[in-house]
file input_23.cif (mmCIF, C-alpha atoms and all ligand atoms)
data_structure
#
loop_
_atom_site.label_atom_id
_atom_site.label_comp_id
_atom_site.auth_asym_id
_atom_site.auth_seq_id
_atom_site.Cartn_x
_atom_site.Cartn_y
_atom_site.Cartn_z
CA MET A 236 0.00 0.00 0.00
CA ASP A 237 1.24 3.44 -0.83
CA ALA A 238 0.93 6.23 1.66
CA ILE A 239 -1.46 8.91 0.56
CA ILE A 240 0.24 12.20 -0.01
CA ASP A 241 -2.52 14.59 -0.84
CA THR A 242 -3.24 18.15 -0.11
CA PRO A 243 -5.66 18.23 2.79
CA PRO A 244 -8.79 20.31 2.34
CA ALA A 245 -9.26 23.55 4.21
CA LYS A 246 -9.42 22.69 7.88
CA THR A 247 -12.65 22.86 9.81
CA ALA A 248 -12.65 24.29 13.31
CA CYS A 249 -12.55 20.78 14.72
CA GLU A 250 -9.67 19.67 12.56
CA LYS A 251 -7.73 22.74 13.64
CA SER A 252 -8.37 22.16 17.30
CA MET A 253 -7.40 18.49 16.99
CA SER A 254 -4.15 19.16 15.19
CA GLU A 255 -3.36 21.95 17.63
CA GLN A 256 -3.59 19.39 20.40
CA GLY A 257 -1.17 17.20 18.49
CA GLN A 258 -3.47 14.19 18.40
CA THR A 259 -2.68 11.51 15.86
CA ILE A 260 -5.45 10.99 13.34
CA ARG A 261 -6.44 7.31 12.97
CA LEU A 262 -9.32 7.52 10.54
CA ALA A 263 -10.13 10.22 8.04
CA THR A 264 -12.20 10.85 4.95
CA ARG A 265 -11.54 13.31 2.16
CA ASN A 266 -14.36 14.46 -0.10
CA LEU A 267 -16.28 11.27 0.55
CA ASN A 268 -19.44 10.71 -1.50
CA PHE A 269 -21.47 7.52 -1.34
CA PHE A 270 -24.24 6.23 -3.60
CA TYR A 271 -26.85 3.46 -3.40
CA GLY A 272 -27.50 3.05 -7.10
CA ARG A 273 -28.43 6.54 -8.29
CA THR A 274 -29.29 7.78 -4.83
CA GLN A 275 -26.56 9.72 -3.10
CA ALA A 276 -26.44 8.99 0.63
CA LEU A 277 -23.28 10.88 1.67
CA PHE A 278 -22.14 14.26 0.39
CA ASN A 279 -18.54 15.41 0.48
CA ILE A 280 -17.65 14.28 3.98
CA ASN A 281 -14.35 15.45 5.45
CA ILE A 282 -13.58 14.17 8.90
CA ASN A 283 -10.64 13.36 11.14
CA ILE A 284 -11.02 10.76 13.89
CA PRO A 285 -8.23 11.08 16.45
CA GLU A 286 -6.64 8.22 18.33
CA LYS A 287 -7.52 7.41 21.93
CA SER A 288 -10.85 9.14 21.84
CA VAL A 289 -14.56 8.57 21.44
CA THR A 290 -16.25 10.30 18.51
CA ALA A 291 -20.04 10.35 18.62
CA LEU A 292 -22.12 10.73 15.47
CA ILE A 293 -25.63 12.07 15.88
CA GLY A 294 -28.40 13.05 13.50
CA PRO A 295 -31.95 12.15 12.48
CA SER A 296 -32.92 8.74 11.15
CA GLY A 297 -31.88 8.18 7.54
CA CYS A 298 -29.21 10.90 7.49
CA GLY A 299 -26.41 8.46 6.62
CA LYS A 300 -24.72 7.67 9.93
CA SER A 301 -24.66 3.89 9.46
CA THR A 302 -23.66 4.24 5.81
CA PHE A 303 -20.80 6.48 6.87
CA LEU A 304 -19.62 4.12 9.61
CA ARG A 305 -19.64 1.16 7.21
CA CYS A 306 -17.27 3.00 4.83
CA PHE A 307 -14.47 2.50 7.38
CA ASN A 308 -14.46 -1.28 7.31
CA ARG A 309 -15.75 -1.60 3.77
CA MET A 310 -18.98 -3.26 4.83
CA ASN A 311 -20.82 -1.29 2.14
CA ASP A 312 -18.83 -3.28 -0.42
CA GLU A 313 -21.17 -6.16 0.38
CA ILE A 314 -24.22 -4.19 -0.84
CA PRO A 315 -24.73 -4.55 -4.60
CA GLY A 316 -24.98 -1.40 -6.70
CA THR A 317 -23.16 0.88 -4.26
CA ARG A 318 -20.39 3.29 -5.21
CA LEU A 319 -17.92 5.31 -3.19
CA GLN A 320 -16.04 8.39 -4.35
CA GLY A 321 -13.27 10.17 -2.48
CA THR A 322 -10.77 8.82 -0.01
CA VAL A 323 -11.04 6.90 3.25
CA LEU A 324 -7.82 6.78 5.25
CA PHE A 325 -6.69 4.56 8.11
CA ASP A 326 -3.35 5.68 9.54
CA ASN A 327 -2.99 7.73 6.35
CA GLN A 328 -3.32 4.68 4.09
CA ASP A 329 -6.09 4.48 1.52
CA LEU A 330 -8.50 1.73 2.60
CA TYR A 331 -9.91 1.33 -0.90
CA VAL A 332 -6.76 0.48 -2.82
CA ARG A 333 -6.75 -2.89 -4.49
CA GLY A 334 -5.28 -5.87 -2.68
CA ILE A 335 -6.25 -4.90 0.87
CA SER A 336 -7.13 -7.93 3.00
CA LEU A 337 -10.68 -7.37 4.21
CA VAL A 338 -10.25 -10.05 6.88
CA ASP A 339 -7.26 -8.18 8.27
CA LEU A 340 -8.98 -4.80 7.90
CA ARG A 341 -12.05 -5.99 9.81
CA LYS A 342 -9.86 -7.37 12.57
CA ARG A 343 -8.15 -3.99 12.95
CA ILE A 344 -11.38 -2.02 12.59
CA GLY A 345 -14.10 -3.92 14.42
CA MET A 346 -17.78 -3.13 14.18
CA VAL A 347 -20.79 -3.56 16.42
CA PHE A 348 -23.91 -3.35 14.27
CA GLN A 349 -27.21 -1.62 14.85
CA ARG A 350 -28.95 -5.01 14.97
CA ALA A 351 -27.25 -7.75 16.95
CA ASN A 352 -26.04 -10.44 14.56
CA PRO A 353 -24.75 -13.41 16.55
CA PHE A 354 -23.72 -16.47 14.54
CA ALA A 355 -25.92 -19.57 14.81
CA MET A 356 -23.49 -21.33 17.12
CA SER A 357 -22.77 -21.48 20.83
CA ILE A 358 -22.00 -18.42 22.96
CA PHE A 359 -18.45 -19.71 23.41
CA ASP A 360 -17.91 -20.33 19.69
CA ASN A 361 -19.23 -16.88 18.77
CA VAL A 362 -16.51 -15.21 20.84
CA ALA A 363 -13.83 -17.76 19.89
CA TYR A 364 -14.63 -17.41 16.19
CA GLY A 365 -12.40 -14.41 15.47
CA PRO A 366 -9.32 -15.57 17.38
CA ARG A 367 -9.65 -19.00 15.71
CA ILE A 368 -9.80 -17.63 12.16
CA HIS A 369 -6.81 -15.46 12.96
CA GLY A 370 -4.84 -18.57 13.85
CA GLU A 371 -5.18 -18.99 17.60
CA ASN A 372 -5.62 -22.69 18.35
CA ASN A 373 -4.42 -23.06 21.90
CA ARG A 374 -7.51 -24.21 23.84
CA TYR A 375 -6.51 -22.54 27.08
CA LYS A 376 -5.63 -19.28 25.38
CA ILE A 377 -9.02 -19.30 23.63
CA GLN A 378 -10.82 -19.99 26.92
CA GLU A 379 -9.00 -17.10 28.48
CA ILE A 380 -9.88 -14.74 25.58
CA VAL A 381 -13.54 -15.80 25.67
CA GLU A 382 -13.82 -15.17 29.40
CA ARG A 383 -11.98 -11.84 29.29
CA SER A 384 -14.06 -10.58 26.36
CA LEU A 385 -17.36 -11.59 27.97
CA VAL A 386 -16.34 -9.93 31.23
CA ARG A 387 -15.46 -6.69 29.44
CA ALA A 388 -18.73 -6.74 27.53
CA ALA A 389 -20.63 -7.12 30.83
CA LEU A 390 -22.12 -10.50 29.88
CA TRP A 391 -19.95 -13.05 31.70
CA ASP A 392 -21.99 -13.37 34.87
CA GLU A 393 -25.15 -14.08 32.92
CA VAL A 394 -23.71 -16.74 30.63
CA LYS A 395 -20.74 -18.33 32.36
CA ASP A 396 -22.67 -21.48 33.25
CA ASN A 397 -24.19 -21.83 29.80
CA LEU A 398 -21.41 -21.16 27.34
CA LYS A 399 -22.50 -24.08 25.15
CA LYS A 400 -26.01 -22.67 24.75
CA SER A 401 -26.94 -21.30 21.33
CA ALA A 402 -26.31 -17.57 21.03
CA LEU A 403 -29.67 -17.28 19.29
CA ASP A 404 -31.42 -18.19 22.57
CA LEU A 405 -30.08 -15.09 24.30
CA SER A 406 -32.22 -11.98 24.73
CA GLY A 407 -31.74 -9.06 22.30
CA GLY A 408 -29.68 -7.10 24.81
CA GLN A 409 -27.56 -10.14 25.65
CA GLN A 410 -27.00 -10.80 21.94
CA GLN A 411 -25.77 -7.23 21.51
CA ARG A 412 -23.29 -7.61 24.37
CA LEU A 413 -22.18 -10.93 22.87
CA CYS A 414 -21.45 -9.12 19.60
CA ILE A 415 -19.41 -6.57 21.52
CA ALA A 416 -17.47 -9.43 23.16
CA ARG A 417 -16.91 -10.97 19.73
CA VAL A 418 -15.36 -7.73 18.49
CA LEU A 419 -13.18 -7.32 21.60
CA ALA A 420 -11.89 -10.90 21.27
CA VAL A 421 -9.75 -9.99 18.24
CA GLU A 422 -8.38 -6.84 19.89
CA PRO A 423 -9.16 -4.32 17.16
CA GLU A 424 -7.45 -0.93 17.01
CA VAL A 425 -10.61 0.96 16.14
CA ILE A 426 -14.15 0.05 17.15
CA LEU A 427 -17.14 1.29 15.19
CA MET A 428 -20.36 1.08 17.19
CA ASP A 429 -23.71 1.62 15.53
CA GLU A 430 -26.23 2.34 18.28
CA PRO A 431 -24.73 -0.39 20.48
CA CYS A 432 -26.97 0.38 23.42
CA SER A 433 -30.34 0.76 21.73
CA ALA A 434 -31.46 -2.71 22.89
CA LEU A 435 -29.80 -2.58 26.30
CA ASP A 436 -31.23 -1.92 29.73
CA PRO A 437 -29.81 0.97 31.80
CA ASN A 438 -27.41 -1.25 33.72
CA SER A 439 -25.92 -2.88 30.60
CA THR A 440 -25.78 0.55 28.94
CA PHE A 441 -23.83 1.84 31.91
CA CYS A 442 -21.41 -1.13 31.65
CA ILE A 443 -20.86 -0.51 27.94
CA GLU A 444 -20.26 3.20 28.52
CA GLU A 445 -17.70 2.30 31.21
CA LEU A 446 -16.12 -0.12 28.77
CA MET A 447 -15.81 2.66 26.17
CA GLN A 448 -13.99 4.88 28.66
CA ASP A 449 -11.61 2.02 29.32
CA LEU A 450 -11.11 1.14 25.65
CA LYS A 451 -10.40 4.69 24.56
CA LYS A 452 -7.21 4.68 26.62
CA THR A 453 -5.83 2.50 23.84
CA TYR A 454 -8.22 2.58 20.89
CA SER A 455 -10.32 4.96 18.84
CA ILE A 456 -14.05 4.52 19.08
CA VAL A 457 -16.70 5.90 16.76
CA ILE A 458 -20.22 5.53 18.09
CA VAL A 459 -23.52 6.35 16.43
CA THR A 460 -26.18 7.17 18.97
CA HIS A 461 -29.66 8.68 19.07
CA ASN A 462 -29.21 9.28 22.76
CA MET A 463 -27.97 12.85 23.30
CA GLN A 464 -27.16 12.25 26.96
CA GLN A 465 -25.06 9.28 25.94
CA ALA A 466 -23.19 11.32 23.32
CA ALA A 467 -22.56 14.03 25.90
CA ARG A 468 -21.47 11.50 28.54
CA VAL A 469 -19.15 9.28 26.55
CA SER A 470 -17.64 11.26 23.70
CA ASP A 471 -14.77 13.68 23.25
CA ASN A 472 -15.94 14.92 19.85
CA THR A 473 -19.40 14.95 18.33
CA GLY A 474 -20.37 15.17 14.68
CA PHE A 475 -23.84 16.15 13.50
CA PHE A 476 -25.13 14.61 10.26
CA LEU A 477 -28.14 15.86 8.33
CA LYS A 478 -29.37 14.52 4.96
CA GLY A 479 -26.03 12.90 4.17
CA GLU A 480 -23.91 15.91 5.09
CA LEU A 481 -21.62 16.34 8.06
CA ILE A 482 -22.93 19.70 9.18
CA GLU A 483 -20.55 20.22 12.05
CA ILE A 484 -18.03 18.35 14.18
CA ASP A 485 -16.32 19.72 17.22
CA LYS A 486 -15.50 19.08 20.85
CA THR A 487 -18.56 17.53 22.50
CA GLU A 488 -18.99 20.39 25.02
CA LYS A 489 -18.93 22.89 22.18
CA ILE A 490 -21.56 20.99 20.18
CA PHE A 491 -23.87 20.73 23.17
CA GLN A 492 -23.26 24.18 24.60
CA GLY A 493 -22.75 26.45 21.63
CA PRO A 494 -22.67 24.85 18.18
CA GLU A 495 -21.76 27.00 15.20
CA ASP A 496 -24.63 25.90 12.97
CA GLN A 497 -28.26 26.69 13.71
CA ARG A 498 -29.33 23.26 12.40
CA THR A 499 -27.12 21.55 15.00
CA GLU A 500 -28.59 23.76 17.71
CA ASP A 501 -32.15 22.95 16.57
CA TYR A 502 -31.44 19.22 16.52
CA ILE A 503 -29.84 18.96 19.93
CA ARG A 504 -32.61 21.11 21.43
CA GLY A 505 -35.09 18.58 20.01
CA ARG A 506 -36.66 21.00 17.52
CA PHE A 507 -36.62 18.36 14.75
CA GLY A 508 -35.60 14.75 14.08
N1 LIG B 1 -28.92 -1.12 1.61
C1 LIG B 1 -29.44 0.05 1.20
N2 LIG B 1 -29.92 0.19 -0.04
C2 LIG B 1 -30.44 1.36 -0.48
N3 LIG B 1 -30.51 2.47 0.28
C3 LIG B 1 -30.04 2.40 1.53
C4 LIG B 1 -29.48 1.20 2.07
N4 LIG B 1 -29.10 1.42 3.34
C5 LIG B 1 -29.40 2.73 3.58
N5 LIG B 1 -29.97 3.29 2.51
C6 LIG B 1 -30.44 4.70 2.41
O1 LIG B 1 -29.37 5.57 2.72
C7 LIG B 1 -29.80 6.64 3.55
C8 LIG B 1 -29.00 6.66 4.83
O2 LIG B 1 -29.30 5.47 5.57
P1 LIG B 1 -28.52 5.07 6.89
O3 LIG B 1 -28.98 3.72 7.27
O4 LIG B 1 -27.08 5.28 6.68
O5 LIG B 1 -29.08 6.19 7.91
P2 LIG B 1 -28.90 6.31 9.49
O6 LIG B 1 -28.51 7.74 9.75
O7 LIG B 1 -28.02 5.25 10.00
O8 LIG B 1 -30.40 6.11 10.02
P3 LIG B 1 -30.91 5.44 11.41
O9 LIG B 1 -30.66 6.48 12.47
O10 LIG B 1 -32.37 5.23 11.17
O11 LIG B 1 -30.16 4.17 11.63
C9 LIG B 1 -31.29 6.45 3.76
O12 LIG B 1 -31.98 7.24 2.84
C10 LIG B 1 -31.51 4.98 3.45
O13 LIG B 1 -32.78 4.76 2.91
MG MG B 2 -28.32 3.64 11.28
#

call {"tool": "encode", "arguments": {"input": "input_23.cif", "output": "structure tokens", "more": "lines below"}}
Ligand SMILES: Nc1ncnc2c1ncn2[C@@H]1O[C@H](COP(=O)(O)OP(=O)(O)OP(=O)(O)O)[C@@H](O)[C@H]1O
Ligand SMILES: [Mg+2]
result
Amino acid sequence: MDAIIDTPPAKTACEKSMSEQGQTIRLATRNLNFFYGRTQALFNININIPEKSVTALIGPSGCGKSTFLRCFNRMNDEIPGTRLQGTVLFDNQDLYVRGISLVDLRKRIGMVFQRANPFAMSIFDNVAYGPRIHGENNRYKIQEIVERSLVRAALWDEVKDNLKKSALDLSGGQQQRLCIARVLAVEPEVILMDEPCSALDPNSTFCIEELMQDLKKTYSIVIVTHNMQQAARVSDNTGFFLKGELIEIDKTEKIFQGPEDQRTEDYIRGRFG
């Protein structure tokens, strides 16, 4: 892979403040447009996602948040008739050059989906799946990874006596935490979370928010959420999407206390969406 040496676009306020703080940028997009067939879903998105931080993405339903998130691990590639224009960078490398290993990419950039999608296999095998396909075959090591991942995802106590049970027999909230454990098991560098708490009760939500604070010491996290309090609680930066455009992204306090754009203000005050 060749490093991308391009001229960055004019910096937004957020980009300036991030580079002033000397934070390394893990993920970025440059002039990103995305199409489902003839319908354009994302319009000219420029963003920088710094390391060791939580970036929250907010915006009304259908504004392109999930589409945008999926650009980072090339999950949209799986949808026929889609097209991406522009550049998506991970550690300044173009993610869309030919020859990239998607298996490796999706290990490094893990994703928790909006709808829990456990595999039709046991709880244990769901979590062990990733480490196994990446070559781990020591039974004891796998047991240790499975336990550690389930503990971190706040599910261990509920399932530890039933690890052989089918994952499909878990409740929706448990399935979501299992999917989080499955992502953690391969130790990704970036975690994309698409409304990870929408099916969780307050206690599990609290555990996952604690987990994010722990994970961001090492990783970058991008979370889509419809819950404003959650965005305000967990994130360092918040981006507001509307109709496929990134209207504004800035420090979370700034977005919630004095955003630049009136549309951001209206949204966070609950005036639409
Ligand atoms: N597989 C698909 N095929 C065609 N159009 C799609 C597909 N997925 C999403 N879209 C369209 O792209 C736009 C953005 O959808 P997306 O799911 O990214 O929004 P979102 O912000 O995540 O919404 P929500 O908050 O409801 O999850 C919508 O107009 C949607 O209809
Ligand atoms: Mg979505």

call {"tool": "residues_near_point", "arguments": {"input": "input_23.cif", "point": "(-17.0, -16.9, 23.1)", "cutoff": "8 Å", "atoms": "all atoms listed in the file", "output": "list in words"}}
result
Ser357, Ile358, Phe359, Asp360, Asn361, Val362, Ala363, Tyr364, Gln378, Ile380, Val381, Glu382, Ser384, Leu385, Leu398, Leu413, Ala416 and Arg417 of chain A

call {"tool": "closest_residue", "arguments": {"input": "input_23.cif", "among": "A:Leu337, A:Leu330, A:Val469, A:Val347", "to": "ligand MG 2 (chain B)", "atoms": "only C-alpha atoms and all ligand atoms"}}
result
A:Val347

call {"tool": "closest_atom_pairs", "arguments": {"input": "input_23.cif", "of": "chain A", "to": "ligand LIG 1 (chain B)", "cutoff": "10 Å", "atoms": "all atoms listed in the file", "output": "CSV"}}
result
residue,atom,partner,partner_atom,distance
A:Phe269,CA,B:LIG1,O1,9.1
A:Phe270,CA,B:LIG1,O1,8.2
A:Tyr271,CA,B:LIG1,C2,5.1
A:Gly272,CA,B:LIG1,C2,7.4
A:Arg273,CA,B:LIG1,C2,9.6
A:Thr274,CA,B:LIG1,N3,7.5
A:Gln275,CA,B:LIG1,O1,7.7
A:Ala276,CA,B:LIG1,O1,5.0
A:Leu277,CA,B:LIG1,C8,7.8
A:Leu292,CA,B:LIG1,O6,9.1
A:Ile293,CA,B:LIG1,O6,8.0
A:Gly294,CA,B:LIG1,O6,6.5
A:Pro295,CA,B:LIG1,O9,5.8
A:Ser296,CA,B:LIG1,O9,3.5
A:Gly297,CA,B:LIG1,O5,3.5
A:Cys298,CA,B:LIG1,O6,3.9
A:Gly299,CA,B:LIG1,O4,3.3
A:Lys300,CA,B:LIG1,O6,3.8
A:Ser301,CA,B:LIG1,O7,3.7
A:Thr302,CA,B:LIG1,O4,3.7
A:Phe303,CA,B:LIG1,O4,6.4
A:Leu304,CA,B:LIG1,O4,8.1
A:Arg305,CA,B:LIG1,O4,8.5
A:Asn311,CA,B:LIG1,N1,8.1
A:Glu313,CA,B:LIG1,N1,9.3
A:Ile314,CA,B:LIG1,N1,6.1
A:Pro315,CA,B:LIG1,N1,8.2
A:Gly316,CA,B:LIG1,N2,8.4
A:Thr317,CA,B:LIG1,N2,8.0
A:Gln349,CA,B:LIG1,O11,7.3
A:Arg350,CA,B:LIG1,O11,9.8
A:Asp429,CA,B:LIG1,O7,7.9
A:Glu430,CA,B:LIG1,O11,7.9
A:Val459,CA,B:LIG1,O7,7.9
A:Thr460,CA,B:LIG1,O9,7.9
A:His461,CA,B:LIG1,O9,7.0
A:Phe476,CA,B:LIG1,O6,7.7
A:Leu477,CA,B:LIG1,O6,8.3
A:Lys478,CA,B:LIG1,C8,7.9
A:Gly479,CA,B:LIG1,C8,6.9
A:Gly508,CA,B:LIG1,O9,9.8

call {"tool": "closest_residue", "arguments": {"input": "input_23.cif", "among": "A:Met310, A:Ala402, A:Met428, A:Val338", "to": "ligand MG 2 (chain B)", "atoms": "all atoms listed in the file"}}
result
A:Met428

call {"tool": "closest_residue", "arguments": {"input": "input_23.cif", "among": "A:Pro437, A:Gly370, A:Gly257, A:Gly345", "to": "Glu422 of chain A", "atoms": "all atoms listed in the file"}}
result
A:Gly345

call {"tool": "closest_residue", "arguments": {"input": "input_23.cif", "among": "A:Met356, A:Ile456, A:Ala420, A:Met447", "to": "Ile377 of chain A", "atoms": "all atoms listed in the file"}}
result
A:Ala420

call {"tool": "residues_around", "arguments": {"input": "input_23.cif", "residues": "Leu450 of chain A", "least_positions_apart": "2", "cutoff": "12 Å", "atoms": "all atoms listed in the file", "output": "number ranges by chain"}}
result
A: 286-289, 387-388, 419, 422-426, 443-448, 452-457, 469

call {"tool": "atom_distance", "arguments": {"input": "input_23.cif", "atom1": "atom CA of Val418 of chain A", "atom2": "atom CA of Asn266 of chain A"}}
result
29.0 Å

call {"tool": "atom_distance", "arguments": {"input": "input_23.cif", "atom1": "atom CA of Ile490 of chain A", "atom2": "atom CA of Arg412 of chain A"}}
result
29.0 Å

call {"tool": "atom_distance", "arguments": {"input": "input_23.cif", "atom1": "atom CA of Arg318 of chain A", "atom2": "atom CA of Val421 of chain A"}}
result
29.0 Å

call {"tool": "closest_residue", "arguments": {"input": "input_23.cif", "among": "A:Leu340, A:Ser406, A:Phe348, A:Val394", "to": "ligand MG 2 (chain B)", "atoms": "all atoms listed in the file"}}
result
A:Phe348

call {"tool": "closest_residue", "arguments": {"input": "input_23.cif", "among": "A:Asn327, A:Ser433, A:Thr259, A:Thr264", "to": "ligand MG 2 (chain B)", "atoms": "only C-alpha atoms and all ligand atoms"}}
result
A:Ser433

call {"tool": "residues_around", "arguments": {"input": "input_23.cif", "residues": "Ile484 of chain A", "least_positions_apart": "6", "cutoff": "8 Å", "atoms": "only C-alpha atoms", "output": "PyMOL selection string"}}
result
chain A and resi 249+472-475+490
